[in-house]
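**Student:** Just so it is clear, I am handing over query-v5.cif, which has mmCIF, C-alpha atoms (C1' of nucleotides).
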data_model
#
loop_
_atom_site.label_atom_id
_atom_site.label_comp_id
_atom_site.auth_asym_id
_atom_site.auth_seq_id
_atom_site.Cartn_x
_atom_site.Cartn_y
_atom_site.Cartn_z
CA MET B 241 6.58 9.97 6.56
CA GLY B 242 6.08 13.57 5.70
CA ARG B 243 6.22 15.74 2.69
CA TRP B 244 9.95 16.37 2.48
CA GLU B 245 11.36 13.04 3.57
CA PRO B 246 13.92 11.70 1.12
CA ASN B 247 13.52 8.86 -1.36
CA ALA B 248 10.06 9.70 -2.47
CA SER B 249 10.14 7.31 -5.40
CA ASN B 250 11.42 4.44 -3.27
CA ARG B 251 8.71 5.06 -0.71
CA LEU B 252 6.12 5.01 -3.47
CA ARG B 253 7.54 1.84 -4.94
CA GLN B 254 7.52 0.04 -1.64
CA ALA B 255 4.08 1.26 -0.65
CA ALA B 256 2.69 0.14 -3.99
CA LEU B 257 4.17 -3.34 -3.77
CA GLU B 258 2.90 -3.76 -0.24
CA LEU B 259 -0.61 -2.75 -1.17
CA TYR B 260 -0.67 -4.86 -4.32
CA VAL B 261 0.29 -7.85 -2.19
CA GLU B 262 -2.07 -7.05 0.67
CA ARG B 263 -5.23 -6.34 -1.23
CA GLY B 264 -4.53 -6.81 -4.94
CA PHE B 265 -3.79 -4.49 -7.82
CA ASP B 266 -7.34 -3.54 -8.74
CA GLU B 267 -8.28 -2.89 -5.15
CA THR B 268 -5.42 -0.45 -4.69
CA THR B 269 -5.87 3.14 -5.81
CA VAL B 270 -3.08 5.54 -6.53
CA ALA B 271 -4.41 7.66 -3.69
CA ASP B 272 -3.90 4.69 -1.35
CA ILE B 273 -0.32 4.28 -2.47
CA ALA B 274 0.45 7.96 -2.12
CA GLU B 275 -1.13 8.13 1.29
CA ARG B 276 0.96 5.25 2.59
CA ALA B 277 4.06 6.96 1.22
CA GLY B 278 3.06 10.27 2.80
CA LEU B 279 2.52 11.95 -0.54
CA THR B 280 -0.31 12.85 -2.88
CA ALA B 281 -1.59 11.07 -5.96
CA ARG B 282 -0.39 13.91 -8.13
CA THR B 283 3.15 13.31 -6.96
CA PHE B 284 2.87 9.61 -7.72
CA PHE B 285 2.28 10.46 -11.35
CA ARG B 286 5.33 12.69 -11.40
CA TYR B 287 7.49 9.67 -10.64
CA PHE B 288 5.60 6.95 -12.48
CA ALA B 289 3.74 7.23 -15.75
CA ASP B 290 0.97 5.00 -14.51
CA LYS B 291 -0.08 2.67 -11.76
CA ARG B 292 1.70 -0.31 -13.31
CA GLU B 293 5.02 1.30 -14.00
CA VAL B 294 5.90 1.36 -10.33
CA LEU B 295 6.72 -2.36 -10.57
CA PHE B 296 8.85 -2.11 -13.68
CA ASP B 297 11.06 0.92 -13.61
CA GLY B 298 14.17 -1.11 -12.85
CA SER B 299 13.86 -2.76 -16.22
CA ALA B 300 15.70 -0.07 -18.13
CA GLN B 301 18.83 -0.40 -16.01
CA LEU B 302 18.84 -4.13 -16.43
CA GLN B 303 18.51 -3.60 -20.15
CA GLU B 304 21.58 -1.37 -20.14
CA ARG B 305 23.60 -4.05 -18.38
CA MET B 306 22.49 -6.64 -20.87
CA VAL B 307 23.43 -4.50 -23.83
CA ALA B 308 26.79 -3.76 -22.24
CA ALA B 309 27.44 -7.48 -21.85
CA LEU B 310 26.47 -8.07 -25.43
CA ASP B 311 28.76 -5.30 -26.62
CA ALA B 312 31.57 -6.76 -24.55
CA ALA B 313 31.48 -10.14 -26.25
CA PRO B 314 34.39 -10.80 -28.65
CA ALA B 315 33.70 -9.87 -32.24
CA ALA B 316 33.89 -13.46 -33.42
CA THR B 317 31.17 -14.61 -30.99
CA PRO B 318 28.21 -16.10 -32.86
CA PRO B 319 24.93 -14.13 -32.46
CA MET B 320 23.15 -16.61 -30.24
CA ARG B 321 26.12 -16.86 -27.92
CA ALA B 322 26.41 -13.11 -27.63
CA VAL B 323 22.74 -12.96 -26.71
CA ALA B 324 23.34 -15.71 -24.17
CA ALA B 325 26.06 -13.60 -22.56
CA ALA B 326 23.59 -10.75 -22.15
CA LEU B 327 20.92 -13.03 -20.71
CA GLU B 328 23.40 -14.51 -18.27
CA ILE B 329 24.15 -11.08 -16.86
CA ALA B 330 20.46 -10.52 -16.30
CA ALA B 331 20.18 -13.94 -14.70
CA GLU B 332 23.02 -13.19 -12.33
CA LEU B 333 21.53 -9.90 -11.25
CA LEU B 334 17.99 -11.14 -10.81
CA GLY B 335 19.18 -14.39 -9.33
CA GLU B 336 20.33 -12.59 -6.22
CA HIS B 337 16.83 -11.55 -5.25
CA ARG B 338 14.77 -14.69 -5.33
CA ASP B 339 12.34 -13.81 -2.54
CA TYR B 340 11.63 -10.38 -3.95
CA SER B 341 11.29 -11.82 -7.44
CA ARG B 342 8.77 -14.39 -6.29
CA GLN B 343 6.66 -11.88 -4.44
CA ARG B 344 6.72 -9.47 -7.35
CA GLN B 345 5.97 -12.22 -9.84
CA SER B 346 2.97 -13.43 -7.87
CA VAL B 347 1.49 -9.95 -8.08
CA ILE B 348 2.18 -9.70 -11.79
CA ALA B 349 0.84 -13.16 -12.56
CA ALA B 350 -2.46 -12.27 -10.94
CA HIS B 351 -3.24 -9.30 -13.20
CA SER B 352 -3.25 -9.28 -16.94
CA GLU B 353 -2.52 -5.56 -17.12
CA LEU B 354 0.68 -6.20 -15.24
CA ARG B 355 1.58 -9.13 -17.46
CA GLU B 356 1.08 -6.83 -20.42
CA ARG B 357 3.52 -4.38 -19.00
CA GLU B 358 6.03 -7.08 -18.24
CA LEU B 359 5.82 -8.41 -21.77
CA ILE B 360 6.46 -5.02 -23.31
CA LYS B 361 9.46 -4.50 -21.07
CA MET B 362 10.92 -7.79 -22.22
CA ALA B 363 10.07 -6.88 -25.80
CA ALA B 364 12.12 -3.73 -25.27
CA TRP B 365 15.01 -5.93 -24.16
CA ALA B 366 14.68 -7.91 -27.35
CA THR B 367 14.63 -4.76 -29.44
CA SER B 368 17.77 -3.39 -27.87
CA LEU B 369 19.55 -6.73 -28.10
CA ALA B 370 18.71 -6.93 -31.80
CA GLU B 371 20.06 -3.43 -32.19
CA GLY B 372 23.24 -4.47 -30.42
CA LEU B 373 23.63 -7.44 -32.71
CA ARG B 374 23.27 -5.22 -35.76
CA ARG B 375 26.03 -3.03 -34.36
CA ARG B 376 28.13 -6.20 -34.37
CA GLY B 377 27.43 -6.73 -38.05
CA VAL B 378 24.64 -9.26 -37.73
CA THR B 379 22.06 -8.64 -40.43
CA GLU B 380 18.28 -8.86 -40.30
CA PRO B 381 16.36 -11.00 -39.81
CA GLU B 382 19.01 -12.96 -37.91
CA ALA B 383 19.51 -10.19 -35.36
CA SER B 384 15.83 -9.98 -34.41
CA LEU B 385 15.43 -13.73 -34.46
CA ALA B 386 18.33 -14.33 -32.12
CA ALA B 387 17.20 -11.58 -29.78
CA GLU B 388 13.54 -12.60 -29.67
CA ALA B 389 14.35 -16.27 -29.28
CA GLY B 390 16.81 -15.46 -26.52
CA ILE B 391 14.23 -13.44 -24.62
CA ALA B 392 11.70 -16.22 -25.07
CA VAL B 393 14.12 -18.64 -23.47
CA PHE B 394 14.78 -16.19 -20.66
CA ARG B 395 11.09 -15.85 -19.98
CA VAL B 396 10.66 -19.60 -19.68
CA ALA B 397 13.76 -19.97 -17.52
CA PHE B 398 12.65 -17.18 -15.21
CA GLU B 399 9.21 -18.68 -14.86
CA ARG B 400 10.74 -22.05 -13.99
CA TRP B 401 13.01 -20.43 -11.44
CA VAL B 402 10.32 -18.53 -9.54
CA THR B 403 7.92 -21.45 -9.68
CA ALA B 404 10.26 -24.26 -8.64
CA PRO B 405 10.31 -25.10 -4.92
CA ALA B 406 14.05 -24.51 -4.63
CA GLY B 407 16.95 -26.14 -6.44
CA ASP B 408 19.03 -24.58 -9.16
CA GLY B 409 19.85 -20.93 -9.51
CA LEU B 410 18.46 -18.83 -12.32
CA LEU B 411 21.77 -18.85 -14.18
CA GLN B 412 21.92 -22.63 -14.31
CA ILE B 413 18.29 -22.92 -15.39
CA LEU B 414 18.90 -20.37 -18.12
CA ARG B 415 21.87 -22.33 -19.48
CA ASP B 416 19.90 -25.56 -19.41
CA SER B 417 17.06 -23.87 -21.25
CA LEU B 418 19.34 -22.55 -23.97
CA ASP B 419 20.67 -26.08 -24.49
CA GLN B 420 17.17 -27.44 -24.64
CA LEU B 421 16.15 -24.94 -27.27
CA ARG B 422 19.13 -26.07 -29.33
CA SER B 423 17.94 -29.69 -29.12
CA LEU B 424 14.38 -28.74 -29.96
CA THR B 425 15.27 -26.79 -33.06
CA ALA B 426 17.79 -29.41 -34.16
CA ASP B 427 15.28 -32.23 -34.45
CA GLY B 428 12.18 -30.12 -35.11
CA MET J 173 -27.01 3.80 -38.53
CA GLY J 174 -29.61 3.64 -35.83
CA ARG J 175 -30.09 1.89 -32.60
CA TRP J 176 -31.37 -1.43 -33.87
CA GLU J 177 -29.32 -1.89 -37.00
CA PRO J 178 -27.60 -5.28 -37.09
CA ASN J 179 -23.93 -6.07 -36.55
CA ALA J 180 -23.33 -3.71 -33.69
CA SER J 181 -19.95 -5.16 -32.85
CA ASN J 182 -18.77 -5.04 -36.45
CA ARG J 183 -19.86 -1.44 -36.74
CA LEU J 184 -17.97 -0.61 -33.57
CA ARG J 185 -14.90 -2.44 -34.78
CA GLN J 186 -14.88 -0.65 -38.09
CA ALA J 187 -15.61 2.75 -36.58
CA ALA J 188 -12.78 2.31 -34.11
CA LEU J 189 -10.23 1.31 -36.71
CA GLU J 190 -11.24 4.23 -38.93
CA LEU J 191 -10.89 6.72 -36.12
CA TYR J 192 -7.62 5.28 -34.86
CA VAL J 193 -6.25 5.68 -38.38
CA GLU J 194 -7.73 9.12 -38.99
CA ARG J 195 -6.74 10.85 -35.79
CA GLY J 196 -4.80 8.39 -33.67
CA PHE J 197 -5.63 6.16 -30.73
CA ASP J 198 -5.24 8.70 -27.93
CA GLU J 199 -7.23 11.31 -29.78
CA THR J 200 -10.16 8.96 -30.19
CA THR J 201 -12.63 8.62 -27.33
CA VAL J 202 -14.97 5.72 -26.84
CA ALA J 203 -17.81 8.19 -27.23
CA ASP J 204 -16.45 9.08 -30.68
CA ILE J 205 -16.39 5.45 -31.70
CA ALA J 206 -19.87 4.81 -30.42
CA GLU J 207 -21.24 7.89 -32.10
CA ARG J 208 -19.85 6.89 -35.47
CA ALA J 209 -21.36 3.45 -35.02
CA GLY J 210 -24.70 4.96 -34.03
CA LEU J 211 -24.51 3.63 -30.50
CA THR J 212 -23.56 4.80 -27.04
CA ALA J 213 -20.33 4.44 -25.12
CA ARG J 214 -22.02 2.14 -22.64
CA THR J 215 -22.84 -0.27 -25.43
CA PHE J 216 -19.24 -0.21 -26.64
CA PHE J 217 -18.15 -1.60 -23.30
CA ARG J 218 -20.72 -4.36 -23.54
CA TYR J 219 -18.97 -5.67 -26.63
CA PHE J 220 -15.37 -4.85 -25.79
CA ALA J 221 -13.70 -4.94 -22.42
CA ASP J 222 -11.73 -1.81 -23.18
CA LYS J 223 -10.75 0.60 -25.89
CA ARG J 224 -7.87 -1.55 -27.09
CA GLU J 225 -9.66 -4.84 -27.28
CA VAL J 226 -11.60 -3.74 -30.34
CA LEU J 227 -8.48 -4.38 -32.43
CA PHE J 228 -7.73 -7.81 -31.01
CA ASP J 229 -10.88 -9.80 -30.53
CA GLY J 230 -10.17 -12.00 -33.55
CA SER J 231 -7.12 -13.35 -31.80
CA ALA J 232 -8.98 -16.04 -29.87
CA GLN J 233 -10.38 -17.61 -33.03
CA LEU J 234 -6.97 -17.67 -34.62
CA GLN J 235 -5.64 -19.31 -31.50
CA GLU J 236 -8.25 -22.04 -31.78
CA ARG J 237 -7.23 -22.74 -35.34
CA MET J 238 -3.61 -22.96 -34.36
CA VAL J 239 -4.29 -25.37 -31.54
CA ALA J 240 -6.42 -27.48 -33.86
CA ALA J 241 -3.55 -27.65 -36.33
CA LEU J 242 -1.18 -28.63 -33.59
CA ASP J 243 -3.53 -31.34 -32.37
CA ALA J 244 -3.87 -32.63 -35.91
CA ALA J 245 -0.15 -33.26 -36.36
CA PRO J 246 0.85 -36.96 -36.29
CA ALA J 247 1.86 -38.23 -32.88
CA ALA J 248 5.46 -38.82 -33.94
CA THR J 249 5.93 -35.20 -35.06
CA PRO J 250 8.74 -33.52 -33.10
CA PRO J 251 7.61 -30.62 -30.88
CA MET J 252 9.12 -27.83 -32.93
CA ARG J 253 7.60 -29.20 -36.12
CA ALA J 254 4.17 -29.46 -34.54
CA VAL J 255 4.45 -25.85 -33.46
CA ALA J 256 5.51 -24.94 -36.98
CA ALA J 257 2.36 -26.55 -38.32
CA ALA J 258 0.28 -24.36 -36.04
CA LEU J 259 2.16 -21.22 -37.01
CA GLU J 260 1.76 -22.03 -40.68
CA ILE J 261 -2.01 -22.12 -40.31
CA ALA J 262 -1.93 -18.69 -38.72
CA ALA J 263 0.35 -17.47 -41.50
CA GLU J 264 -2.03 -18.73 -44.16
CA LEU J 265 -5.02 -17.06 -42.57
CA LEU J 266 -3.36 -13.74 -41.88
CA GLY J 267 -1.51 -13.85 -45.18
CA GLU J 268 -4.75 -13.34 -47.04
CA HIS J 269 -5.30 -9.89 -45.62
CA ARG J 270 -2.10 -8.01 -46.22
CA ASP J 271 -3.60 -4.55 -46.65
CA TYR J 272 -5.75 -4.82 -43.58
CA SER J 273 -2.82 -6.23 -41.61
CA ARG J 274 -0.58 -3.37 -42.60
CA GLN J 275 -3.12 -0.74 -41.70
CA ARG J 276 -3.87 -2.38 -38.40
CA GLN J 277 -0.19 -2.87 -37.63
CA SER J 278 0.62 0.77 -38.28
CA VAL J 279 -1.95 1.76 -35.69
CA ILE J 280 -0.61 -0.72 -33.18
CA ALA J 281 3.02 0.21 -33.76
CA ALA J 282 2.25 3.84 -32.96
CA HIS J 283 0.92 3.19 -29.44
CA SER J 284 2.62 1.29 -26.69
CA GLU J 285 -0.66 0.41 -25.03
CA LEU J 286 -1.68 -1.37 -28.20
CA ARG J 287 1.65 -3.11 -28.50
CA GLU J 288 1.17 -4.32 -24.95
CA ARG J 289 -2.15 -5.80 -25.85
CA GLU J 290 -0.75 -7.46 -28.93
CA LEU J 291 2.08 -9.00 -26.94
CA ILE J 292 -0.26 -10.50 -24.38
CA LYS J 293 -2.42 -11.95 -27.13
CA MET J 294 0.60 -13.64 -28.63
CA ALA J 295 1.66 -14.77 -25.19
CA ALA J 296 -1.73 -16.42 -24.91
CA TRP J 297 -1.02 -18.23 -28.17
CA ALA J 298 2.24 -19.49 -26.70
CA THR J 299 0.50 -20.66 -23.56
CA SER J 300 -2.12 -22.62 -25.45
CA LEU J 301 0.46 -24.12 -27.80
CA ALA J 302 2.52 -25.27 -24.82
CA GLU J 303 -0.63 -26.79 -23.36
CA GLY J 304 -1.25 -28.58 -26.65
CA LEU J 305 2.28 -29.94 -26.67
CA ARG J 306 1.84 -31.30 -23.17
CA ARG J 307 -1.30 -33.06 -24.35
CA ARG J 308 0.94 -34.71 -26.91
CA GLY J 309 3.25 -35.96 -24.18
CA VAL J 310 5.91 -33.27 -24.41
CA THR J 311 7.21 -32.46 -20.95
CA GLU J 312 8.18 -29.15 -19.44
CA PRO J 313 10.25 -27.15 -20.00
CA GLU J 314 10.45 -28.35 -23.59
CA ALA J 315 6.78 -27.61 -24.25
CA SER J 316 7.00 -23.98 -23.16
CA LEU J 317 10.33 -23.47 -24.85
CA ALA J 318 9.11 -24.76 -28.19
CA ALA J 319 5.92 -22.70 -27.96
CA GLU J 320 7.58 -19.47 -26.89
CA ALA J 321 10.37 -19.79 -29.42
CA GLY J 322 7.84 -20.51 -32.14
CA ILE J 323 5.83 -17.44 -31.30
CA ALA J 324 8.98 -15.37 -31.22
CA VAL J 325 9.77 -16.51 -34.74
CA PHE J 326 6.24 -15.76 -35.84
CA ARG J 327 6.46 -12.27 -34.45
CA VAL J 328 9.65 -11.56 -36.39
CA ALA J 329 8.27 -13.10 -39.57
CA PHE J 330 5.07 -11.10 -39.32
CA GLU J 331 6.97 -7.89 -38.76
CA ARG J 332 9.12 -8.61 -41.82
CA TRP J 333 6.04 -9.34 -43.88
CA VAL J 334 4.13 -6.16 -43.07
CA THR J 335 7.25 -4.02 -43.35
CA ALA J 336 8.65 -5.37 -46.60
CA PRO J 337 7.66 -3.47 -49.76
CA ALA J 338 6.18 -6.55 -51.38
CA GLY J 339 7.75 -9.89 -52.26
CA ASP J 340 7.20 -13.15 -50.42
CA GLY J 341 4.05 -14.21 -48.69
CA LEU J 342 3.85 -14.56 -44.93
CA LEU J 343 3.97 -18.34 -45.11
CA GLN J 344 7.24 -18.35 -47.01
CA ILE J 345 8.81 -15.78 -44.72
CA LEU J 346 7.74 -17.81 -41.72
CA ARG J 347 9.37 -20.95 -43.09
CA ASP J 348 12.55 -19.09 -43.87
CA SER J 349 12.60 -17.66 -40.38
CA LEU J 350 12.20 -21.06 -38.77
CA ASP J 351 15.17 -22.31 -40.78
CA GLN J 352 17.18 -19.30 -39.78
CA LEU J 353 16.48 -19.90 -36.11
CA ARG J 354 17.72 -23.45 -36.56
CA SER J 355 20.99 -22.16 -38.02
CA LEU J 356 21.38 -19.58 -35.29
CA THR J 357 20.92 -22.02 -32.45
CA ALA J 358 23.11 -24.60 -34.13
CA ASP J 359 26.22 -22.46 -34.18
CA GLY J 360 25.39 -20.25 -31.20
"C1'" DG G 241 18.32 37.37 4.74
"C1'" DC G 242 17.36 37.00 -0.27
"C1'" DG G 243 16.19 34.95 -4.30
"C1'" DG G 244 16.28 30.99 -7.28
"C1'" DT G 245 15.22 26.23 -8.08
"C1'" DG G 246 13.21 21.98 -7.70
"C1'" DA G 247 9.86 19.16 -5.34
"C1'" DT G 248 5.29 18.88 -3.73
"C1'" DG G 249 0.44 20.23 -3.02
"C1'" DT G 250 -4.15 21.91 -4.60
"C1'" DC G 251 -7.65 22.28 -7.81
"C1'" DA G 252 -10.09 21.29 -11.96
"C1'" DT G 253 -10.96 18.51 -15.82
"C1'" DT G 254 -11.22 14.76 -19.16
"C1'" DT G 255 -11.72 10.10 -20.05
"C1'" DG G 256 -12.02 5.11 -19.13
"C1'" DA G 257 -14.71 1.86 -17.05
"C1'" DT G 258 -18.68 -0.21 -14.54
"C1'" DG G 259 -23.09 -0.95 -11.89
"C1'" DA G 260 -28.15 -0.24 -11.56
"C1'" DC G 261 -32.10 0.33 -13.77
"C1'" DA G 262 -35.29 1.73 -17.65
"C1'" DT G 263 -36.71 1.14 -22.30
"C1'" DC G 264 -37.13 -0.63 -26.78
"C1'" DA G 265 -37.59 -4.11 -30.66
"C1'" DC G 266 -38.50 -8.60 -31.80
"C1'" DC G 267 -40.37 -13.28 -31.42
"C1'" DG G 268 -43.40 -17.03 -30.19
"C1'" DT G 269 -47.82 -18.10 -28.72
"C1'" DA G 270 -52.57 -18.03 -27.09
"C1'" DT A 143 -54.42 -9.55 -32.55
"C1'" DA A 144 -52.70 -8.98 -27.92
"C1'" DC A 145 -49.66 -10.68 -24.66
"C1'" DG A 146 -45.57 -11.47 -22.33
"C1'" DG A 147 -40.70 -12.88 -22.37
"C1'" DT A 148 -36.01 -12.02 -23.78
"C1'" DG A 149 -32.10 -9.79 -25.26
"C1'" DA A 150 -30.06 -5.51 -26.82
"C1'" DT A 151 -29.59 -0.77 -25.97
"C1'" DG A 152 -30.04 3.68 -23.50
"C1'" DT A 153 -29.78 6.66 -19.33
"C1'" DC A 154 -27.89 7.94 -15.18
"C1'" DA A 155 -24.61 7.87 -11.55
"C1'" DT A 156 -20.16 6.98 -9.92
"C1'" DC A 157 -15.31 5.85 -9.20
"C1'" DA A 158 -10.68 5.95 -10.51
"C1'" DA A 159 -6.84 6.94 -13.80
"C1'" DA A 160 -4.45 10.51 -15.74
"C1'" DT A 161 -3.02 15.27 -16.75
"C1'" DG A 162 -2.63 20.47 -16.95
"C1'" DA A 163 -2.30 24.95 -14.49
"C1'" DC A 164 -0.89 27.19 -10.79
"C1'" DA A 165 0.45 27.83 -5.79
"C1'" DT A 166 3.45 26.67 -2.06
"C1'" DC A 167 7.16 24.84 0.42
"C1'" DA A 168 12.09 23.52 1.64
"C1'" DC A 169 16.65 23.96 0.67
"C1'" DC A 170 20.95 25.98 -1.21
"C1'" DG A 171 24.24 29.44 -2.67
"C1'" DC A 172 25.27 34.05 -2.32
#
Would you mind giving the structure from this file in structure tokens?
**Tutor:**
Amino acid sequence: MGRWEPNASNRLRQAALELYVERGFDETTVADIAERAGLTARTFFRYFADKREVLFDGSAQLQERMVAALDAAPAATPPMRAVAAALEIAAELLGEHRDYSRQRQSVIAAHSELRERELIKMAAWATSLAEGLRRRGVTEPEASLAAEAGIAVFRVAFERWVTAPAGDGLLQILRDSLDQLRSLTADG
Amino acid sequence: MGRWEPNASNRLRQAALELYVERGFDETTVADIAERAGLTARTFFRYFADKREVLFDGSAQLQERMVAALDAAPAATPPMRAVAAALEIAAELLGEHRDYSRQRQSVIAAHSELRERELIKMAAWATSLAEGLRRRGVTEPEASLAAEAGIAVFRVAFERWVTAPAGDGLLQILRDSLDQLRSLTADG
DNA sequence: GCGGTGATGTCATTTGATGACATCACCGTA
DNA sequence: TACGGTGATGTCATCAAATGACATCACCGC
């Protein structure tokens, strides 16, 4: 793969994931990634702000889809249900790529710096969902509470999905988890 | 402050916070921090794993207190209420230092790397609370759901507390927020 | 073919982070 | 008092992350 081949960022993304899996995140340098992609380290940093970002740059698009789903919910929809609609979109999209998700998650789980980055991406989801709720007339602190709680449920559901041997899809696990949160808060 | 003065880690902590406030996180080098503390950069890294950690190393102690509070709840306490007991301890302890909390939070809010670190510290709280719930016989996924949702509520409550002009204490805001989550999930 | 434009490379530099080893202060004890 | 051990700190060297300045290349429209 030479200098002017197309899809530079995709090549970098794939090379990075491969190397993170093969030898671990800490043991992979940006120079390694760039070399495998047929580019230089300097170019890597033109596409990705840092070494971690290469695993997370799809997050913004997913966030847009979630916000769109939230905006699309009928005006009378209660806050938590509107959030659920957004989470279900994310579940559907991610649910289609179980093998990739598991591989990616195993890399992230093994490195706290990557978990940090994942957490802040999900926190960004929560922030934009809260913003969307406020656009719908939901006031604070209800908007932030619904959004943060929803993301917390999503995190647990996703973890269950990638960890479980097989079984249910992400969407079903997410719905179950939302029900379970309702039970927990009801008698807590 | 010379080489063998006592309280090296406290001096480093204070010097770091001062500099982060005065000129910002990015504009502060570890060498700057060490110099103000009368030490060397190498010594800084003996006390703190990285430049961010200096703002977060009290988190582990707080976590211990929370887990102790959770363990101390009567066996019949429902999961969400046991989590609430743990969060209330944290609220009481942090609630005593509002000025410090606000200063520290303004530094953290201004830098995504610091927000990342804060999120992973709170995620660690959630993990240890879930573990504590399982010790009490709560099964998954309820344990993780209750813990993650509780931490989400705490995060929102804390944010409200440091942002608000004055008014209620953190403990009261936390309790209100827990009630509000109950309402939200009930009709969502 | 010419020039503009965007993508990439090259080079230099700062800083974060860590290992190896030396040095210093302090403490207990002979 | 002198001694030696121990832990804290300093010094030095090094690697890798990250970024700015500038050069170079491929491609595209004219």
**Student:** With distances taken over all atoms listed in the file, which of J:Val310, J:Ala213, J:Val325, J:Ala206 is nearest to Ala256 of chain J?
**Tutor:** J:Val325
**Student:** With the file shown as input, list the residues that the PyMOL selection byres ((chain G) within 12 of (chain J)) selects, as a list in words.
**Tutor:**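 Applied to this file, the PyMOL selection byres ((chain G) within 12 of (chain J)) selects DT254, DT255, DG256, DA257, DT258, DG259, DC264, DA265 and DC266 of chain G.
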**Student:** Which residues of chain J are close to chain B, meaning at most 10 Å apart when you count only C-alpha atoms, and how do they look as a ChimeraX atom specification?
**Tutor:** /J:249-256,284-293,295,312-329,331-332,348-360
**Student:** Taking the file as shown, find all residues satisfying the PyMOL selection byres ((chain J and resi 184) around 10) and write them as a ChimeraX atom specification.
**Tutor:** /J:179-183,185-190,202,205-211,215-216,219-220,226
**Student:** Please enumerate the residues selected by the PyMOL selection byres ((chain A) within 10 of (chain B)) when evaluated against the supplied file, formatted as a PyMOL selection string.
**Tutor:** chain A and resi 158-161+167-168
**Student:** Hey, can you check how far atom CA of Arg224 of chain J sits from atom CA of Ala281 of chain J?
**Tutor:**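 Atom CA of Ala281 of chain J lies at a distance of 12.9 Å from atom CA of Arg224 of chain J.
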**Student:** Can you measure atom CA of Ile280 of chain J to atom CA of Tyr192 of chain J for me? One decimal in Å is fine.
**Tutor:**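 Computing it gives 9.4 Å between the two atoms.
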**Student:** Give me, please, the distance in Å between atom CA of Gln343 of chain B and atom CA of Gln412 of chain B, quoted to one decimal.
**Tutor:** 21.1 Å
